[in-house]
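Data block below; observations after.
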Amino acid sequence: MFYKKLTPETVDFARLQYARGNSLNEVKDALKTSLGISVCYQTIGKAFKRQGIVLRTKIEGIKLSSRKHLPNNEITKLYIENKISAIQLAKKFNSSKRTIRKILEESGVKLRSERERFQNTRKHARIMFGGDSNEKAYMTGLVVGDITLVKKSKYTLLLITHTTVDDFVSMFKKTFEKYGNIRVAKPKNNDTEVSV
């Protein structure tokens, strides 16, 4: 049976199919398969326009159809609850980072900052220096006197010292262990290398 006009209930069904990323042609097929209604895709498009539904451009349609197979809810859950990065999700679902980020944004998820993304990829947790003036003065004295400071990245400083005094190793550990992983090595001559 051929319908030139769609009922409001039928248009609601068609709108839901369209919102899932289906093209007008796919919506037409869904109407035929699920409801036994035969209409051309132009009729569906006109019905959408009458209801104020904005039709996608061809490029938007191509982009959306390329990701409609992706499980939006699962992606959102893995990103929020499991702290899996957009890059890892893209690999898992054979997609791109940009597409994953778009799905998250459309789902109303606040994307993690660059610092948060950096922190999540670290093997050992790192705590940002709080800026206490006494601690700052103490650490500055250590760095000026006995510690070599190397900038490793935008968010990471490597502190290294060499000593033969066990008490200094203990003090170094106690001072810096809350900010990162401490590594102690004995490379040569009873000399101990400590780094964080």
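Here, A, B, ... name the chains of the structure tokens in the order displayed, residue numbers run from 1 inside each chain, and ligands are numbered from 1 in the same displayed order.
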
Would you give me, as a PyMOL selection string, the residues in segment 38-96 of chain A that DSSP reads as alpha helix (DSSP H)? chain A and resi 41-50+58-65+72-80+86-92

I'd like the contact shell of segment 54-61 of chain A - 12 Å cut-off, only C-alpha atoms, skipping same-chain residues fewer than 2 positions apart - returned as an MDAnalysis selection string. chainID A and resid 15 18:26 42 44:52 63:68

Given the selection you just returned, output its residues as a file containing N, CA and C atoms, formatted as a CSV table (one decimal), in the first residue's frame.
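The resulting result.csv:
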```csv
chain,number,residue,atom,x,y,z
A,15,ARG,N,11.5,9.5,12.4
A,15,ARG,CA,12.4,10.5,13.0
A,15,ARG,C,13.4,9.8,13.9
A,18,TYR,N,16.0,8.1,11.8
A,18,TYR,CA,16.9,9.1,11.2
A,18,TYR,C,17.9,9.6,12.3
A,19,ALA,N,17.4,9.8,13.5
A,19,ALA,CA,18.2,10.2,14.6
A,19,ALA,C,19.3,9.2,14.9
A,20,ARG,N,19.1,7.9,14.7
A,20,ARG,CA,20.1,6.9,14.9
A,20,ARG,C,21.2,6.9,13.8
A,21,GLY,N,21.1,7.8,12.9
A,21,GLY,CA,22.1,7.9,11.9
A,21,GLY,C,21.8,7.3,10.5
A,22,ASN,N,20.5,6.8,10.4
A,22,ASN,CA,20.1,6.2,9.1
A,22,ASN,C,19.8,7.3,8.1
A,23,SER,N,20.1,7.0,6.8
A,23,SER,CA,19.8,7.9,5.8
A,23,SER,C,18.3,7.9,5.5
A,24,LEU,N,17.8,8.8,4.7
A,24,LEU,CA,16.4,8.8,4.3
A,24,LEU,C,16.0,7.5,3.6
A,25,ASN,N,16.9,7.0,2.8
A,25,ASN,CA,16.6,5.7,2.1
A,25,ASN,C,16.5,4.6,3.1
A,26,GLU,N,17.4,4.6,4.1
A,26,GLU,CA,17.4,3.5,5.1
A,26,GLU,C,16.1,3.7,6.0
A,42,GLN,N,11.8,11.1,-0.6
A,42,GLN,CA,11.4,12.5,-0.7
A,42,GLN,C,10.2,12.8,0.2
A,44,ILE,N,9.4,11.4,2.9
A,44,ILE,CA,9.9,11.4,4.3
A,44,ILE,C,10.6,12.7,4.6
A,45,GLY,N,11.4,13.2,3.7
A,45,GLY,CA,12.1,14.4,3.8
A,45,GLY,C,11.2,15.6,4.0
A,46,LYS,N,10.1,15.6,3.1
A,46,LYS,CA,9.1,16.7,3.2
A,46,LYS,C,8.4,16.7,4.5
A,47,ALA,N,8.0,15.4,5.0
A,47,ALA,CA,7.4,15.3,6.3
A,47,ALA,C,8.2,15.8,7.5
A,48,PHE,N,9.5,15.6,7.4
A,48,PHE,CA,10.5,16.1,8.4
A,48,PHE,C,10.5,17.6,8.4
A,49,LYS,N,10.6,18.1,7.2
A,49,LYS,CA,10.7,19.6,7.1
A,49,LYS,C,9.4,20.3,7.6
A,50,ARG,N,8.3,19.7,7.4
A,50,ARG,CA,7.0,20.2,7.9
A,50,ARG,C,7.0,20.2,9.4
A,51,GLN,N,7.7,19.2,10.1
A,51,GLN,CA,7.8,19.2,11.5
A,51,GLN,C,9.0,20.0,12.1
A,52,GLY,N,9.7,20.6,11.2
A,52,GLY,CA,10.9,21.5,11.6
A,52,GLY,C,12.1,20.7,11.9
A,63,LYS,N,29.4,11.2,7.4
A,63,LYS,CA,30.2,11.1,8.7
A,63,LYS,C,29.4,10.3,9.7
A,64,LEU,N,28.1,10.6,9.8
A,64,LEU,CA,27.2,9.9,10.8
A,64,LEU,C,27.1,8.4,10.5
A,65,SER,N,26.9,8.1,9.2
A,65,SER,CA,26.7,6.7,8.8
A,65,SER,C,28.0,5.9,9.1
A,66,SER,N,29.1,6.6,9.0
A,66,SER,CA,30.4,5.8,9.3
A,66,SER,C,30.6,5.5,10.7
A,67,ARG,N,29.8,6.1,11.6
A,67,ARG,CA,29.9,5.8,13.1
A,67,ARG,C,28.7,5.3,13.7
A,68,LYS,N,27.6,5.0,13.0
A,68,LYS,CA,26.4,4.5,13.6
A,68,LYS,C,26.5,3.1,14.2
```

Correct to one decimal, the distance atom CA of Ile84 of chain A-atom CA of His69 of chain A is 19.6 Å

For the atom pair atom CA of Thr161 of chain A and atom CA of Ser133 of chain A, what is the interatomic distance in Å to one decimal place?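 Rounded to one decimal, the two atoms are 22.7 Å apart.
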
Taking 6 positions as the minimum chain separation for residues in the same chain, which residues sit within 9 Å of Ile147 of chain A when counting only C-alpha atoms? Answer as a PDB file with N, CA and C atoms, in the first residue's frame.
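The result, stored in selection_37.pdb:
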```
ATOM      1  N   LEU A 159      64.318  14.944  39.104  1.00  0.00           N
ATOM      2  CA  LEU A 159      65.281  15.400  40.109  1.00  0.00           C
ATOM      3  C   LEU A 159      66.254  14.260  40.382  1.00  0.00           C
ATOM      4  N   ILE A 160      67.551  14.555  40.283  1.00  0.00           N
ATOM      5  CA  ILE A 160      68.578  13.527  40.481  1.00  0.00           C
ATOM      6  C   ILE A 160      69.607  14.036  41.481  1.00  0.00           C
ATOM      7  N   THR A 161      70.046  13.141  42.344  1.00  0.00           N
ATOM      8  CA  THR A 161      71.154  13.477  43.238  1.00  0.00           C
ATOM      9  C   THR A 161      72.045  12.248  43.400  1.00  0.00           C
ATOM     10  N   HIS A 162      73.314  12.495  43.655  1.00  0.00           N
ATOM     11  CA  HIS A 162      74.275  11.422  43.940  1.00  0.00           C
ATOM     12  C   HIS A 162      74.816  11.668  45.347  1.00  0.00           C
TER      13      HIS A 162
END
```

One decimal, Å: what's the distance from atom CA of Ala30 of chain A over to atom CA of Thr10 of chain A, could you say?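 These two atoms are separated by 10.9 Å.
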
Env of segment 98-110 of chain A: 7 Å cut, atoms = only C-alpha atoms, seq-sep filter 5 positions within chain, self excluded. Answer as an MDAnalysis selection string. chainID A and resid 72 76 86 90

Fewer than 3 positions away in the same chain doesn't count, so skip those; otherwise give me all residues within 10 Å of Lys173 of chain A, counting only C-alpha atoms, as a list in words. Asp167, Phe168, Val169, Ser170, Phe176, Glu177, Lys178, Gly180, Asn181, Ile182, Arg183, Val184, Val194, Ser195 and Val196 of chain A
